[in-house]
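Asks: A single structure is presented below for examination.
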Amino acid sequence: MRTYLDCFPCFLKQALEAGRIAGIKREDEQKRLLCTIVREIEKFSLKASPPEIGRIVHFWVRKSSKNPDPFKEIKKQSNHLALKLYPELKKEIENSAHKLLKAVKLSIAGNVIDYGANHLSPSLDKSLDSLSAHLKKTLKEIENQSLSCFEKFAKALKRASIILYLADNAGEVVFDRLLLEELVSLKKQVIFAVRGAPIINDALIEDAYFCQIDRYAQILSNGSDAPGTVLNLCSPDFIEAYQKADLVISKGQGNFESLSEEKKQIYFLLKVKCSVLAQNIGAKIGSAVLIGRDGD
């Protein structure tokens with residue numbers, strides 16, 4: 001998916017909020033950061049995907065603040081909060097007559113844990129309150145939504161042996177774990193890919209291990225610091241896993257934005273968080289989406 005002009009105000013809003021979280025307190029320093037980012041992102045063609053530009057935005061946030069991982073504490077707290085919810089969510093799946101569908105819906109619900117697209121509060125305490133409220137609201141809403149692509153997804157899953165699962169955010173990986181457990185029960189081999197370096201609140205290897213993903217899948221870094229899966233920035237090990245996978249399960253908006261035009265069998269699980277994406281895929285903002293892309 002290419003970048004649209006409507007994406008640019010979002011880049012600057014992300015930069016300002018991330019800069020504040022990173023410790024840039026003075027208004028003149030915040031202005032300097034935004035001016036730098038404007039100069040940098042104007043170098044990009046609109047043919048670039050939003051994660052390619054977002055990568056540069058957050059590079060300058062880290063550089064300007066001298067903070068290599070501004071969202072580190074938020075990621076830890078998100079993991080803790082999601083793990084507290086895990087036992088209750090696991091019971092929901094166990095009590096469901098349609099376990100795979102329930103796990104898919106819960107996995108999508110976890111995609112609200114996004115400090116990029118969702119613009120959650122820079123205050124950590126308020127952010128966690130907002131996150132908890134978001135989750136409860138989303139879990140109720142998603143239960144009543146139908147996923148038109150689910151049967152197609154289930155059939156593709158049945159045919160696949162090796163699955164590459166592309167993670168999105170810390171905390172969200174607990175919701176992914178619920179789906180991974182169902183995949184393993186279906187005797188699937190799963191590789192769980194995370195970001196290669198800190199970028200917003202996206203999941204890293206330590207987040208995956210903390211949330212015990214290694215019990216169900218091989219954990220793999222994609223080698224990149226983009227807030228998505230930009231293949232030409234990923235490591236050779238990741239590219240090998242991507243090419244060998246029979247099926248890719250892709251979580252979140254950033255992964256969709258960077259892979260939506262790839263010729264690979266990919267199923268995208270996400271919450272629609274902005275008007276640009278909503279228009280691109282023909283869905284309402286806030287809706288839960290399962291979209292299939294068949295490889296050629």
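Letters for chains follow the order of the structure tokens (A, B, ...), residue numbers begin at 1 for each chain, and ligand numbers begin at 1 in the order shown.
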Apply DSSP to the structure's backbone, then extract all residues of region 23-244 of chain A labelled strand (DSSP E) and return them as a PyMOL selection string.
Replies: chain A and resi 162-166+189-194+218-221
Asks: Let's see if you can do this: from backbone DSSP, list all alpha helix (DSSP H) residues in region 7-66 of chain A, as a VMD selection string.
Replies: chain A and resid 7 to 22 27 to 41 50 to 65
Asks: Please list as a list in words every residue within 9 Å of Leu166 (chain A), counting only C-alpha atoms and excluding residues in the same chain fewer than 4 positions away.
Replies: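 So, after excluding close chain neighbours, the residues are Ile191, Phe192, Ala193, Val194, Thr229, Val248, Ile249, Ser250, Lys251, Gly252 and Asn255 of chain A.
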Asks: With C-alpha atoms kept, could you save the residues just selected as a compact mmCIF listing (two decimals), in the first residue's frame?
Replies:
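See part34.txt below for the written result:
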```
# COMPACT_ATOMS: atom_id res chain seq x y z
CA ILE A 191 7.39 -19.42 12.97
CA PHE A 192 6.58 -16.28 14.96
CA ALA A 193 8.34 -13.20 13.58
CA VAL A 194 8.92 -9.99 15.54
CA THR A 229 7.37 -5.92 7.22
CA VAL A 248 1.49 -16.12 6.20
CA ILE A 249 -0.70 -14.76 9.01
CA SER A 250 -0.08 -11.03 9.25
CA LYS A 251 -1.16 -8.95 12.24
CA GLY A 252 -1.84 -5.25 12.27
CA ASN A 255 2.18 -5.31 8.20
```
Asks: With only C-alpha atoms as the counted atoms, please give the residues lying no more than 9 Å from region 50-61 of chain A, apart from itself and same-chain residues fewer than 5 positions off, as an MDAnalysis selection string.
Replies: chainID A and resid 1:4 7 11:12 14:16 18:19 22 24 33 36:38 40:41 44 66:67 70 199:200 225:230 254:255 257:258
Asks: Give me a file of those residues, with C-alpha atoms, as an mmCIF file, in the first residue's frame.
Replies:
```
data_model
loop_
_atom_site.group_PDB
_atom_site.id
_atom_site.type_symbol
_atom_site.label_atom_id
_atom_site.label_comp_id
_atom_site.auth_asym_id
_atom_site.auth_seq_id
_atom_site.Cartn_x
_atom_site.Cartn_y
_atom_site.Cartn_z
ATOM 1 C CA MET A 1 0.000 0.000 0.000
ATOM 2 C CA ARG A 2 1.391 3.385 -0.968
ATOM 3 C CA THR A 3 1.446 6.479 1.200
ATOM 4 C CA TYR A 4 -1.305 9.080 0.812
ATOM 5 C CA CYS A 7 -0.880 10.029 6.113
ATOM 6 C CA PHE A 11 3.275 10.983 10.879
ATOM 7 C CA LEU A 12 3.725 14.348 12.600
ATOM 8 C CA GLN A 14 3.006 10.258 15.987
ATOM 9 C CA ALA A 15 6.347 12.051 16.094
ATOM 10 C CA LEU A 16 5.135 14.646 18.595
ATOM 11 C CA ALA A 18 6.508 9.694 20.649
ATOM 12 C CA GLY A 19 8.926 12.567 21.250
ATOM 13 C CA ALA A 22 10.885 9.697 24.746
ATOM 14 C CA ILE A 24 11.622 15.645 24.747
ATOM 15 C CA LEU A 33 12.115 17.445 15.887
ATOM 16 C CA THR A 36 13.619 17.734 10.947
ATOM 17 C CA ILE A 37 11.046 15.052 10.213
ATOM 18 C CA VAL A 38 9.278 17.246 7.639
ATOM 19 C CA GLU A 40 13.326 13.980 5.932
ATOM 20 C CA ILE A 41 9.948 12.633 4.846
ATOM 21 C CA PHE A 44 10.151 10.023 -0.045
ATOM 22 C CA LYS A 66 18.898 9.987 22.801
ATOM 23 C CA ASN A 67 16.419 7.334 23.935
ATOM 24 C CA PRO A 70 11.059 5.197 24.159
ATOM 25 C CA ILE A 199 10.096 0.775 16.910
ATOM 26 C CA ILE A 200 7.077 2.330 18.698
ATOM 27 C CA ASP A 225 13.342 -1.553 12.604
ATOM 28 C CA ALA A 226 10.406 -0.658 10.339
ATOM 29 C CA PRO A 227 6.891 -0.591 11.878
ATOM 30 C CA GLY A 228 5.797 -3.226 9.382
ATOM 31 C CA THR A 229 7.373 -5.921 7.215
ATOM 32 C CA VAL A 230 9.337 -4.114 4.515
ATOM 33 C CA GLY A 254 1.772 -1.772 9.492
ATOM 34 C CA ASN A 255 2.184 -5.306 8.203
ATOM 35 C CA GLU A 257 0.543 -1.549 4.562
ATOM 36 C CA SER A 258 3.882 -3.146 3.705
#
```
Asks: Separation of CA of Leu100 (chain A) and CA of Leu179 (chain A), in Å?
Replies: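 CA of Leu179 (chain A) lies 7.3 Å from CA of Leu100 (chain A).
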Asks: Extract, using only C-alpha atoms, all DNA, RNA and protein residues at most 8 Å from region 139-152 of chain A, discarding same-chain residues fewer than 6 positions from it, and format them as a PyMOL selection string.
Replies: chain A and resi 101+105-106+109+287-292
Asks: Kindly export the residues of the current selection with C-alpha atoms, as an mmCIF file, in the first residue's frame.
Replies:
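Saved the output as result-v6.cif:
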```
data_model
loop_
_atom_site.group_PDB
_atom_site.id
_atom_site.type_symbol
_atom_site.label_atom_id
_atom_site.label_comp_id
_atom_site.auth_asym_id
_atom_site.auth_seq_id
_atom_site.Cartn_x
_atom_site.Cartn_y
_atom_site.Cartn_z
ATOM 1 C CA LEU A 101 -13.016 -18.591 14.947
ATOM 2 C CA LYS A 105 -11.449 -12.832 16.787
ATOM 3 C CA LEU A 106 -9.520 -12.511 20.042
ATOM 4 C CA ALA A 109 -9.117 -7.703 19.280
ATOM 5 C CA SER A 287 -14.073 -2.771 12.371
ATOM 6 C CA ALA A 288 -12.334 -6.123 12.765
ATOM 7 C CA VAL A 289 -10.973 -7.405 9.481
ATOM 8 C CA LEU A 290 -9.739 -10.719 8.105
ATOM 9 C CA ILE A 291 -8.531 -10.259 4.526
ATOM 10 C CA GLY A 292 -7.076 -12.954 2.297
#
```
Asks: What is the distance, in Å and to one decimal place, between CA of Ser78 (chain A) and CA of Thr138 (chain A)?
Replies: 15.9 Å
Asks: Please list as a PDB file with N, CA and C atoms, in the first residue's frame every residue within 8 Å of region 186-189 of chain A, counting only C-alpha atoms and excluding residues in the same chain fewer than 2 positions away.
Replies:
```pdb
ATOM      1  N   ALA A 160      -2.077 -25.885   4.729  1.00  0.00           N
ATOM      2  CA  ALA A 160      -0.724 -25.419   5.049  1.00  0.00           C
ATOM      3  C   ALA A 160      -0.046 -26.301   6.091  1.00  0.00           C
ATOM      4  N   SER A 161       1.250 -26.465   5.946  1.00  0.00           N
ATOM      5  CA  SER A 161       2.060 -27.176   6.941  1.00  0.00           C
ATOM      6  C   SER A 161       2.917 -26.200   7.744  1.00  0.00           C
ATOM      7  N   ILE A 162       3.557 -25.262   7.031  1.00  0.00           N
ATOM      8  CA  ILE A 162       4.438 -24.284   7.671  1.00  0.00           C
ATOM      9  C   ILE A 162       3.779 -22.911   7.606  1.00  0.00           C
ATOM     10  N   ILE A 163       3.613 -22.287   8.764  1.00  0.00           N
ATOM     11  CA  ILE A 163       2.952 -20.985   8.849  1.00  0.00           C
ATOM     12  C   ILE A 163       3.927 -19.956   9.413  1.00  0.00           C
ATOM     13  N   GLU A 182      -4.185 -22.755  19.060  1.00  0.00           N
ATOM     14  CA  GLU A 182      -5.103 -23.466  18.167  1.00  0.00           C
ATOM     15  C   GLU A 182      -4.370 -24.006  16.945  1.00  0.00           C
ATOM     16  N   LEU A 183      -3.421 -23.240  16.422  1.00  0.00           N
ATOM     17  CA  LEU A 183      -2.648 -23.706  15.270  1.00  0.00           C
ATOM     18  C   LEU A 183      -1.830 -24.939  15.626  1.00  0.00           C
ATOM     19  N   VAL A 184      -1.231 -24.923  16.792  1.00  0.00           N
ATOM     20  CA  VAL A 184      -0.439 -26.075  17.238  1.00  0.00           C
ATOM     21  C   VAL A 184      -1.330 -27.293  17.445  1.00  0.00           C
ATOM     22  N   ILE A 191       6.285 -20.339  12.712  1.00  0.00           N
ATOM     23  CA  ILE A 191       7.394 -19.421  12.974  1.00  0.00           C
ATOM     24  C   ILE A 191       6.777 -18.069  13.312  1.00  0.00           C
ATOM     25  N   ALA A 217       5.788 -21.815  19.176  1.00  0.00           N
ATOM     26  CA  ALA A 217       6.337 -21.454  17.872  1.00  0.00           C
ATOM     27  C   ALA A 217       7.822 -21.148  17.987  1.00  0.00           C
TER      28      ALA A 217
END
```
Asks: For Lys99 (chain A), please output as a list in words all residues within 12 Å (counting only C-alpha atoms; exclusion window: fewer than 4 positions along the same chain).
Replies: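 Here the answer would be Leu89, Lys90, Lys91, Glu92, Ile93, Glu94, Asn95, Ala103, Val104, Lys105, Leu106, Ala154, Leu178, Leu179, Leu180, Glu181, Glu182, Leu183, Ser185 and Leu186 of chain A.
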Asks: Nearest to Leu233 (chain A) among A:Lys84, A:Arg195, A:Lys13, A:Lys72, with distances taken over only C-alpha atoms: which residue is it?
Replies: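 So, comparing all the options, the nearest one is A:Arg195.
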Asks: Quick check, in Å to one decimal: how far apart do CA of Tyr165 (chain A) and CA of Phe238 (chain A) lie?
Replies: 11.4 Å
